[in-house]
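Asker: Provided herewith: start-v6.cif, mmCIF, C-alpha atoms.
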data_upload
loop_
_atom_site.group_PDB
_atom_site.id
_atom_site.type_symbol
_atom_site.label_atom_id
_atom_site.label_comp_id
_atom_site.auth_asym_id
_atom_site.auth_seq_id
_atom_site.Cartn_x
_atom_site.Cartn_y
_atom_site.Cartn_z
ATOM 1 C CA MET A 13 0.000 0.000 0.000
ATOM 2 C CA SER A 14 1.650 3.185 -1.103
ATOM 3 C CA ASN A 15 -1.344 5.431 -0.383
ATOM 4 C CA GLN A 16 -0.737 7.978 -3.066
ATOM 5 C CA THR A 17 -3.306 9.831 -5.092
ATOM 6 C CA VAL A 18 -3.449 9.382 -8.833
ATOM 7 C CA THR A 19 -4.836 12.352 -10.758
ATOM 8 C CA ARG A 20 -5.626 13.414 -14.331
ATOM 9 C CA ALA A 21 -1.972 14.415 -14.751
ATOM 10 C CA ASP A 22 -0.828 10.848 -13.999
ATOM 11 C CA LEU A 23 -3.351 9.409 -16.451
ATOM 12 C CA ALA A 24 -2.222 11.910 -19.107
ATOM 13 C CA GLU A 25 1.410 10.947 -18.476
ATOM 14 C CA ALA A 26 0.550 7.258 -18.935
ATOM 15 C CA VAL A 27 -1.251 8.027 -22.218
ATOM 16 C CA TYR A 28 1.755 10.105 -23.309
ATOM 17 C CA GLU A 29 4.122 7.204 -22.616
ATOM 18 C CA GLN A 30 1.925 4.440 -24.046
ATOM 19 C CA VAL A 31 0.447 6.069 -27.128
ATOM 20 C CA GLY A 32 3.109 8.550 -28.176
ATOM 21 C CA LEU A 33 0.922 11.636 -28.581
ATOM 22 C CA SER A 34 2.132 14.992 -27.288
ATOM 23 C CA ARG A 35 1.697 15.713 -23.582
ATOM 24 C CA ASN A 36 -0.919 18.353 -24.383
ATOM 25 C CA GLU A 37 -2.949 16.100 -26.598
ATOM 26 C CA SER A 38 -2.686 13.239 -24.096
ATOM 27 C CA ALA A 39 -4.164 15.509 -21.414
ATOM 28 C CA ASP A 40 -6.923 16.628 -23.806
ATOM 29 C CA LEU A 41 -7.849 13.033 -24.540
ATOM 30 C CA VAL A 42 -8.042 12.051 -20.878
ATOM 31 C CA GLU A 43 -10.431 14.982 -20.494
ATOM 32 C CA ALA A 44 -12.365 13.921 -23.612
ATOM 33 C CA VAL A 45 -12.900 10.429 -22.178
ATOM 34 C CA LEU A 46 -14.224 11.841 -18.886
ATOM 35 C CA ASP A 47 -16.420 14.373 -20.746
ATOM 36 C CA GLU A 48 -17.903 11.700 -22.986
ATOM 37 C CA MET A 49 -18.714 9.544 -19.958
ATOM 38 C CA SER A 50 -20.158 12.502 -18.003
ATOM 39 C CA ASP A 51 -22.339 13.615 -20.939
ATOM 40 C CA THR A 52 -23.710 10.108 -21.356
ATOM 41 C CA LEU A 53 -24.482 9.755 -17.638
ATOM 42 C CA ALA A 54 -26.032 13.244 -17.460
ATOM 43 C CA GLN A 55 -28.490 12.062 -20.118
ATOM 44 C CA GLY A 56 -29.419 9.180 -17.830
ATOM 45 C CA GLU A 57 -27.683 6.560 -19.950
ATOM 46 C CA TYR A 58 -25.371 3.934 -18.396
ATOM 47 C CA VAL A 59 -21.664 3.565 -19.179
ATOM 48 C CA LYS A 60 -20.260 0.055 -19.190
ATOM 49 C CA ILE A 61 -16.515 -0.459 -19.448
ATOM 50 C CA SER A 62 -15.792 -4.169 -19.819
ATOM 51 C CA SER A 63 -13.266 -5.616 -17.339
ATOM 52 C CA PHE A 64 -13.471 -2.394 -15.302
ATOM 53 C CA GLY A 65 -17.039 -1.720 -14.209
ATOM 54 C CA SER A 66 -20.286 0.016 -15.015
ATOM 55 C CA PHE A 67 -21.721 3.382 -14.063
ATOM 56 C CA SER A 68 -25.454 3.902 -13.982
ATOM 57 C CA VAL A 69 -27.887 6.541 -12.837
ATOM 58 C CA ARG A 70 -30.419 5.618 -10.212
ATOM 59 C CA GLN A 71 -33.496 7.618 -9.251
ATOM 60 C CA LYS A 72 -34.002 8.104 -5.512
ATOM 61 C CA GLY A 73 -37.394 8.896 -4.035
ATOM 62 C CA GLU A 74 -38.224 11.685 -1.622
ATOM 63 C CA ARG A 75 -37.473 11.079 2.055
ATOM 64 C CA ILE A 76 -37.383 13.073 5.242
ATOM 65 C CA GLY A 77 -33.955 14.170 6.410
ATOM 66 C CA ARG A 78 -32.904 15.908 9.560
ATOM 67 C CA ASN A 79 -30.368 18.613 10.245
ATOM 68 C CA PRO A 80 -27.970 16.761 12.553
ATOM 69 C CA LYS A 81 -27.285 19.938 14.517
ATOM 70 C CA THR A 82 -30.717 21.429 15.002
ATOM 71 C CA GLY A 83 -32.859 18.312 14.593
ATOM 72 C CA VAL A 84 -35.161 20.158 12.183
ATOM 73 C CA GLU A 85 -36.847 17.842 9.695
ATOM 74 C CA VAL A 86 -36.446 18.781 6.047
ATOM 75 C CA PRO A 87 -37.736 16.926 2.992
ATOM 76 C CA ILE A 88 -34.986 15.613 0.720
ATOM 77 C CA LEU A 89 -36.328 15.895 -2.818
ATOM 78 C CA PRO A 90 -36.239 13.016 -5.291
ATOM 79 C CA ARG A 91 -32.818 13.017 -6.934
ATOM 80 C CA LYS A 92 -30.626 11.056 -9.275
ATOM 81 C CA VAL A 93 -27.485 9.393 -8.009
ATOM 82 C CA LEU A 94 -24.632 7.730 -9.834
ATOM 83 C CA VAL A 95 -23.750 4.188 -8.855
ATOM 84 C CA PHE A 96 -20.579 2.332 -9.814
ATOM 85 C CA LYS A 97 -20.465 -1.433 -9.922
ATOM 86 C CA ALA A 98 -16.956 -2.847 -10.198
ATOM 87 C CA SER A 99 -16.389 -5.777 -12.531
ATOM 88 C CA HIS A 100 -14.971 -9.049 -11.244
ATOM 89 C CA VAL A 101 -11.764 -8.376 -13.139
ATOM 90 C CA LEU A 102 -11.267 -5.137 -11.174
ATOM 91 C CA LYS A 103 -12.192 -6.752 -7.835
ATOM 92 C CA ASP A 104 -9.770 -9.605 -8.486
ATOM 93 C CA ALA A 105 -6.966 -7.207 -9.451
ATOM 94 C CA ILE A 106 -7.467 -5.295 -6.198
ATOM 95 C CA ASN A 107 -7.281 -8.500 -4.191
ATOM 96 C CA GLY A 108 -4.133 -9.609 -5.940
ATOM 97 C CA ASN A 109 -5.631 -12.426 -8.024
ATOM 98 C CA SER A 110 -5.368 -11.959 -11.735
ATOM 99 C CA MET B 9 -22.744 3.211 -23.761
ATOM 100 C CA THR B 10 -20.213 0.389 -23.850
ATOM 101 C CA LYS B 11 -16.449 0.681 -24.062
ATOM 102 C CA SER B 12 -16.480 0.086 -27.815
ATOM 103 C CA GLU B 13 -19.137 2.793 -28.259
ATOM 104 C CA LEU B 14 -17.044 5.160 -26.156
ATOM 105 C CA ILE B 15 -14.040 4.423 -28.386
ATOM 106 C CA GLN B 16 -16.142 4.981 -31.509
ATOM 107 C CA ARG B 17 -17.491 8.325 -30.275
ATOM 108 C CA LEU B 18 -14.003 9.545 -29.390
ATOM 109 C CA ALA B 19 -12.711 8.401 -32.771
ATOM 110 C CA ASP B 20 -15.531 10.295 -34.517
ATOM 111 C CA ARG B 21 -14.563 13.477 -32.672
ATOM 112 C CA ASN B 22 -10.857 13.018 -33.312
ATOM 113 C CA PRO B 23 -10.636 12.044 -37.001
ATOM 114 C CA HIS B 24 -6.865 12.636 -37.017
ATOM 115 C CA LEU B 25 -6.322 9.658 -34.685
ATOM 116 C CA TYR B 26 -6.235 6.006 -35.661
ATOM 117 C CA LEU B 27 -8.954 3.877 -34.092
ATOM 118 C CA ARG B 28 -6.275 1.636 -32.563
ATOM 119 C CA ASP B 29 -4.728 4.658 -30.843
ATOM 120 C CA VAL B 30 -8.103 5.677 -29.401
ATOM 121 C CA GLU B 31 -8.493 2.099 -28.162
ATOM 122 C CA LYS B 32 -5.067 2.275 -26.581
ATOM 123 C CA ILE B 33 -5.878 5.598 -24.898
ATOM 124 C CA VAL B 34 -9.077 4.243 -23.344
ATOM 125 C CA ASP B 35 -7.392 0.995 -22.254
ATOM 126 C CA THR B 36 -4.452 2.906 -20.789
ATOM 127 C CA ILE B 37 -6.742 5.117 -18.705
ATOM 128 C CA PHE B 38 -8.757 2.277 -17.187
ATOM 129 C CA GLY B 39 -5.644 0.096 -16.877
ATOM 130 C CA GLU B 40 -3.898 2.872 -14.974
ATOM 131 C CA ILE B 41 -6.865 3.317 -12.611
ATOM 132 C CA THR B 42 -6.995 -0.452 -12.010
ATOM 133 C CA GLU B 43 -3.272 -0.601 -11.288
ATOM 134 C CA ALA B 44 -3.463 2.346 -8.876
ATOM 135 C CA LEU B 45 -6.307 0.693 -6.950
ATOM 136 C CA ALA B 46 -4.419 -2.621 -6.893
ATOM 137 C CA ASN B 47 -1.542 -0.719 -5.241
ATOM 138 C CA GLY B 48 -3.938 0.638 -2.672
ATOM 139 C CA ASP B 49 -3.765 4.154 -4.133
ATOM 140 C CA ARG B 50 -6.645 6.543 -4.547
ATOM 141 C CA VAL B 51 -7.629 7.990 -7.937
ATOM 142 C CA GLU B 52 -9.090 11.461 -7.821
ATOM 143 C CA LEU B 53 -10.579 13.003 -10.949
ATOM 144 C CA ARG B 54 -11.986 16.373 -9.906
ATOM 145 C CA GLY B 55 -15.444 17.044 -11.235
ATOM 146 C CA PHE B 56 -15.931 13.414 -12.249
ATOM 147 C CA GLY B 57 -15.324 11.424 -9.094
ATOM 148 C CA ALA B 58 -12.841 9.516 -6.978
ATOM 149 C CA PHE B 59 -12.000 5.812 -6.810
ATOM 150 C CA SER B 60 -10.722 4.348 -3.579
ATOM 151 C CA VAL B 61 -10.244 0.977 -1.927
ATOM 152 C CA LYS B 62 -11.987 -0.043 1.268
ATOM 153 C CA LYS B 63 -10.849 -2.921 3.442
ATOM 154 C CA ARG B 64 -13.284 -5.459 4.789
ATOM 155 C CA ASP B 65 -12.173 -7.641 7.698
ATOM 156 C CA ALA B 66 -12.675 -11.366 7.693
ATOM 157 C CA ARG B 67 -16.023 -12.345 9.203
ATOM 158 C CA THR B 68 -18.230 -15.318 9.802
ATOM 159 C CA GLY B 69 -21.144 -15.045 7.431
ATOM 160 C CA ARG B 70 -24.190 -17.178 7.045
ATOM 161 C CA ASN B 71 -25.668 -18.880 4.060
ATOM 162 C CA PRO B 72 -29.082 -17.194 4.025
ATOM 163 C CA ARG B 73 -30.773 -20.254 2.582
ATOM 164 C CA THR B 74 -29.407 -22.960 4.862
ATOM 165 C CA GLY B 75 -28.384 -20.875 7.886
ATOM 166 C CA GLU B 76 -24.962 -22.528 7.776
ATOM 167 C CA SER B 77 -21.982 -20.511 9.069
ATOM 168 C CA VAL B 78 -19.323 -19.762 6.497
ATOM 169 C CA TYR B 79 -15.992 -18.040 6.939
ATOM 170 C CA VAL B 80 -15.614 -14.974 4.695
ATOM 171 C CA GLU B 81 -12.005 -13.923 4.097
ATOM 172 C CA ALA B 82 -10.781 -10.350 4.500
ATOM 173 C CA LYS B 83 -10.929 -8.504 1.205
ATOM 174 C CA ARG B 84 -10.504 -5.143 -0.432
ATOM 175 C CA LEU B 85 -13.307 -3.537 -2.393
ATOM 176 C CA PRO B 86 -13.226 -0.727 -4.938
ATOM 177 C CA PHE B 87 -15.423 2.237 -4.176
ATOM 178 C CA PHE B 88 -16.495 5.248 -6.264
ATOM 179 C CA LYS B 89 -17.693 8.602 -5.019
ATOM 180 C CA THR B 90 -19.291 10.879 -7.601
ATOM 181 C CA GLY B 91 -17.660 14.306 -7.990
ATOM 182 C CA LYS B 92 -19.550 17.477 -7.201
ATOM 183 C CA ALA B 93 -19.776 18.793 -10.768
ATOM 184 C CA LEU B 94 -21.113 15.511 -12.159
ATOM 185 C CA ARG B 95 -23.536 15.084 -9.264
ATOM 186 C CA GLU B 96 -24.874 18.555 -9.976
ATOM 187 C CA ARG B 97 -25.220 17.786 -13.658
ATOM 188 C CA LEU B 98 -27.362 14.732 -12.919
ATOM 189 C CA ASN B 99 -29.904 16.925 -11.149
ATOM 190 C CA ASP B 100 -31.357 20.370 -11.385
ATOM 191 C CA GLU B 101 -29.125 21.230 -8.484
ATOM 192 C CA GLU B 102 -30.532 24.680 -7.732
ATOM 193 C CA ALA B 103 -33.915 23.303 -6.801
ATOM 194 C CA LEU B 104 -32.356 20.547 -4.710
ATOM 195 C CA GLN B 105 -30.025 22.886 -2.891
ATOM 196 C CA GLN B 106 -32.827 25.200 -1.885
ATOM 197 C CA SER B 107 -34.897 22.416 -0.418
ATOM 198 C CA SER B 108 -32.057 20.809 1.478
ATOM 199 C CA ALA B 109 -30.387 24.062 2.533
ATOM 200 C CA GLY B 110 -31.926 23.575 5.961
ATOM 201 C CA LEU B 111 -30.051 20.291 6.299
ATOM 202 C CA ARG B 112 -26.711 21.998 6.222
ATOM 203 C CA ASP B 113 -25.294 24.623 8.392
ATOM 204 C CA GLU B 114 -22.187 26.049 6.771
ATOM 205 C CA SER B 115 -20.443 26.481 10.141
ATOM 206 C CA TYR B 116 -20.960 22.786 10.750
ATOM 207 C CA TYR B 117 -18.479 21.802 8.045
#
Translate the structure described by the file into structure tokens.

Answerer:
Amino acid sequence: MSNQTVTRADLAEAVYEQVGLSRNESADLVEAVLDEMSDTLAQGEYVKISSFGSFSVRQKGERIGRNPKTGVEVPILPRKVLVFKASHVLKDAINGNS
Amino acid sequence: MTKSELIQRLADRNPHLYLRDVEKIVDTIFGEITEALANGDRVELRGFGAFSVKKRDARTGRNPRTGESVYVEAKRLPFFKTGKALRERLNDEEALQQSSAGLRDESYY
């Protein structure tokens, strides 16, 4: 466990090394992938990346919440949430079985 | 949208790239995230979301059908938290924020 944080810059660097595009274009493409996924999800469509996992949008109903400090009850409106389901390949990689 | 559809859409928007390069870009990104998580690292993509790994201790579970006790080994599980910008895009966030404003007290955080 090294406990570091990987960011867009690290992904762009990996694309730069693996694909041989310029650093700028590698960064743009990492962004393009995230944008394409975000746009699709914002339209309510799922995104399924084989051997990684799937992202889907789930509708949540209204419920009553409470301000933890004041105890005042407030309705939480129906909302959409994003759920990620990891594939078995990803789960196995994380547990050191490949 | 599947991975191959994602690759196709990116290829359509970047006609100067070979399809195989677009494939390699997409595979590199998800491969890199997988490798980071396998190392126990966190992957933070501002605006989109963050991937992390949570540890689960070993426990004695039960087969819900037979009631039999079974030992469940300790394991690590991937976890995704949606980023603020994407979460807001999924909803008409202004309306939601107004209604739940009473839930939060800025000084509380």

Asker: Pull out every residue of chain B that has at least one atom within 9 Å of chain A, counting all atoms listed in the file, and report them as a VMD selection string.

Answerer: chain B and resid 9 to 12 14 to 15 17 to 18 29 to 30 32 to 34 36 to 54 56 61 83 to 90 94 to 95 97 to 100 103 to 104 107 to 113 116

Asker: Please write out, as JSON, where the centre of an axis-aligned box around all listed atoms of segment 44-61 of chain B lies and how long its edges are, in Å to one decimal, after adding 6 Å on each side.

Answerer:
{"center_x": -8.7, "center_y": 7.2, "center_z": -7.1, "size_x": 26.4, "size_y": 31.7, "size_z": 22.3}

Asker: One decimal, Å: what's the distance from atom CA of Gly57 of chain B over to atom CA of Lys92 of chain B, could you say?

Answerer: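 Value for the atom CA of Gly57 of chain B-atom CA of Lys92 of chain B distance: 7.6 Å.
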
Asker: In Å to one decimal, how far is atom CA of His100 of chain A from atom CA of Leu27 of chain B?

Answerer: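 It comes out at 26.9 Å.
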
Asker: Can I get segment 50-61 of chain A with all heavy atoms filled in, as a PDB file, keeping the file's coordinate frame?

Answerer:
ATOM      1  N   SER A  50     -19.284  11.614 -18.779  1.00  0.00           N
ATOM      2  CA  SER A  50     -20.158  12.502 -18.003  1.00  0.00           C
ATOM      3  C   SER A  50     -21.401  12.886 -18.804  1.00  0.00           C
ATOM      4  O   SER A  50     -22.514  12.884 -18.267  1.00  0.00           O
ATOM      5  CB  SER A  50     -19.417  13.783 -17.612  1.00  0.00           C
ATOM      6  OG  SER A  50     -18.281  13.472 -16.850  1.00  0.00           O
ATOM      7  N   ASP A  51     -21.202  13.223 -20.089  1.00  0.00           N
ATOM      8  CA  ASP A  51     -22.339  13.615 -20.939  1.00  0.00           C
ATOM      9  C   ASP A  51     -23.346  12.482 -21.033  1.00  0.00           C
ATOM     10  O   ASP A  51     -24.559  12.707 -20.945  1.00  0.00           O
ATOM     11  CB  ASP A  51     -21.861  13.962 -22.356  1.00  0.00           C
ATOM     12  CG  ASP A  51     -21.046  15.246 -22.400  1.00  0.00           C
ATOM     13  OD1 ASP A  51     -21.001  15.957 -21.369  1.00  0.00           O
ATOM     14  OD2 ASP A  51     -20.442  15.540 -23.454  1.00  0.00           O
ATOM     15  N   THR A  52     -22.832  11.272 -21.227  1.00  0.00           N
ATOM     16  CA  THR A  52     -23.710  10.108 -21.356  1.00  0.00           C
ATOM     17  C   THR A  52     -24.505   9.888 -20.074  1.00  0.00           C
ATOM     18  O   THR A  52     -25.720   9.694 -20.105  1.00  0.00           O
ATOM     19  CB  THR A  52     -22.858   8.864 -21.675  1.00  0.00           C
ATOM     20  OG1 THR A  52     -22.123   9.125 -22.869  1.00  0.00           O
ATOM     21  CG2 THR A  52     -23.718   7.629 -21.872  1.00  0.00           C
ATOM     22  N   LEU A  53     -23.817   9.969 -18.932  1.00  0.00           N
ATOM     23  CA  LEU A  53     -24.482   9.755 -17.638  1.00  0.00           C
ATOM     24  C   LEU A  53     -25.479  10.870 -17.335  1.00  0.00           C
ATOM     25  O   LEU A  53     -26.565  10.616 -16.805  1.00  0.00           O
ATOM     26  CB  LEU A  53     -23.434   9.651 -16.521  1.00  0.00           C
ATOM     27  CG  LEU A  53     -22.564   8.394 -16.615  1.00  0.00           C
ATOM     28  CD1 LEU A  53     -21.309   8.532 -15.758  1.00  0.00           C
ATOM     29  CD2 LEU A  53     -23.361   7.155 -16.197  1.00  0.00           C
ATOM     30  N   ALA A  54     -25.140  12.113 -17.718  1.00  0.00           N
ATOM     31  CA  ALA A  54     -26.032  13.244 -17.460  1.00  0.00           C
ATOM     32  C   ALA A  54     -27.336  13.081 -18.243  1.00  0.00           C
ATOM     33  O   ALA A  54     -28.370  13.607 -17.848  1.00  0.00           O
ATOM     34  CB  ALA A  54     -25.348  14.558 -17.820  1.00  0.00           C
ATOM     35  N   GLN A  55     -27.266  12.335 -19.350  1.00  0.00           N
ATOM     36  CA  GLN A  55     -28.490  12.062 -20.118  1.00  0.00           C
ATOM     37  C   GLN A  55     -29.251  10.869 -19.550  1.00  0.00           C
ATOM     38  O   GLN A  55     -30.257  10.441 -20.111  1.00  0.00           O
ATOM     39  CB  GLN A  55     -28.139  11.793 -21.591  1.00  0.00           C
ATOM     40  CG  GLN A  55     -27.751  13.050 -22.345  1.00  0.00           C
ATOM     41  CD  GLN A  55     -27.032  12.752 -23.631  1.00  0.00           C
ATOM     42  OE1 GLN A  55     -27.209  11.674 -24.215  1.00  0.00           O
ATOM     43  NE2 GLN A  55     -26.198  13.676 -24.080  1.00  0.00           N
ATOM     44  N   GLY A  56     -28.734  10.299 -18.480  1.00  0.00           N
ATOM     45  CA  GLY A  56     -29.419   9.180 -17.830  1.00  0.00           C
ATOM     46  C   GLY A  56     -29.048   7.827 -18.418  1.00  0.00           C
ATOM     47  O   GLY A  56     -29.610   6.808 -18.033  1.00  0.00           O
ATOM     48  N   GLU A  57     -28.086   7.820 -19.327  1.00  0.00           N
ATOM     49  CA  GLU A  57     -27.683   6.560 -19.950  1.00  0.00           C
ATOM     50  C   GLU A  57     -26.544   5.932 -19.136  1.00  0.00           C
ATOM     51  O   GLU A  57     -25.755   6.652 -18.526  1.00  0.00           O
ATOM     52  CB  GLU A  57     -27.204   6.841 -21.380  1.00  0.00           C
ATOM     53  CG  GLU A  57     -27.267   5.633 -22.292  1.00  0.00           C
ATOM     54  CD  GLU A  57     -26.439   5.812 -23.580  1.00  0.00           C
ATOM     55  OE1 GLU A  57     -26.437   6.932 -24.139  1.00  0.00           O
ATOM     56  OE2 GLU A  57     -25.791   4.849 -23.998  1.00  0.00           O
ATOM     57  N   TYR A  58     -26.445   4.594 -19.143  1.00  0.00           N
ATOM     58  CA  TYR A  58     -25.371   3.934 -18.396  1.00  0.00           C
ATOM     59  C   TYR A  58     -24.070   3.950 -19.204  1.00  0.00           C
ATOM     60  O   TYR A  58     -24.083   4.154 -20.414  1.00  0.00           O
ATOM     61  CB  TYR A  58     -25.764   2.480 -18.055  1.00  0.00           C
ATOM     62  CG  TYR A  58     -25.768   1.581 -19.257  1.00  0.00           C
ATOM     63  CD1 TYR A  58     -24.622   0.871 -19.635  1.00  0.00           C
ATOM     64  CD2 TYR A  58     -26.906   1.449 -20.056  1.00  0.00           C
ATOM     65  CE1 TYR A  58     -24.599   0.070 -20.765  1.00  0.00           C
ATOM     66  CE2 TYR A  58     -26.900   0.653 -21.198  1.00  0.00           C
ATOM     67  CZ  TYR A  58     -25.740  -0.021 -21.541  1.00  0.00           C
ATOM     68  OH  TYR A  58     -25.719  -0.796 -22.663  1.00  0.00           O
ATOM     69  N   VAL A  59     -22.963   3.710 -18.518  1.00  0.00           N
ATOM     70  CA  VAL A  59     -21.664   3.565 -19.179  1.00  0.00           C
ATOM     71  C   VAL A  59     -21.056   2.270 -18.675  1.00  0.00           C
ATOM     72  O   VAL A  59     -20.875   2.098 -17.471  1.00  0.00           O
ATOM     73  CB  VAL A  59     -20.702   4.736 -18.851  1.00  0.00           C
ATOM     74  CG1 VAL A  59     -19.327   4.493 -19.458  1.00  0.00           C
ATOM     75  CG2 VAL A  59     -21.264   6.063 -19.364  1.00  0.00           C
ATOM     76  N   LYS A  60     -20.795   1.350 -19.599  1.00  0.00           N
ATOM     77  CA  LYS A  60     -20.260   0.055 -19.190  1.00  0.00           C
ATOM     78  C   LYS A  60     -18.885  -0.162 -19.815  1.00  0.00           C
ATOM     79  O   LYS A  60     -18.756  -0.195 -21.036  1.00  0.00           O
ATOM     80  CB  LYS A  60     -21.221  -1.051 -19.637  1.00  0.00           C
ATOM     81  CG  LYS A  60     -20.810  -2.401 -19.131  1.00  0.00           C
ATOM     82  CD  LYS A  60     -21.816  -3.452 -19.516  1.00  0.00           C
ATOM     83  CE  LYS A  60     -21.278  -4.812 -19.120  1.00  0.00           C
ATOM     84  NZ  LYS A  60     -22.036  -5.896 -19.732  1.00  0.00           N
ATOM     85  N   ILE A  61     -17.881  -0.255 -18.972  1.00  0.00           N
ATOM     86  CA  ILE A  61     -16.515  -0.459 -19.448  1.00  0.00           C
ATOM     87  C   ILE A  61     -16.137  -1.894 -19.096  1.00  0.00           C
ATOM     88  O   ILE A  61     -15.936  -2.203 -17.911  1.00  0.00           O
ATOM     89  CB  ILE A  61     -15.536   0.529 -18.761  1.00  0.00           C
ATOM     90  CG1 ILE A  61     -16.017   1.989 -18.906  1.00  0.00           C
ATOM     91  CG2 ILE A  61     -14.118   0.367 -19.295  1.00  0.00           C
ATOM     92  CD1 ILE A  61     -16.053   2.531 -20.321  1.00  0.00           C
TER      93      ILE A  61
END
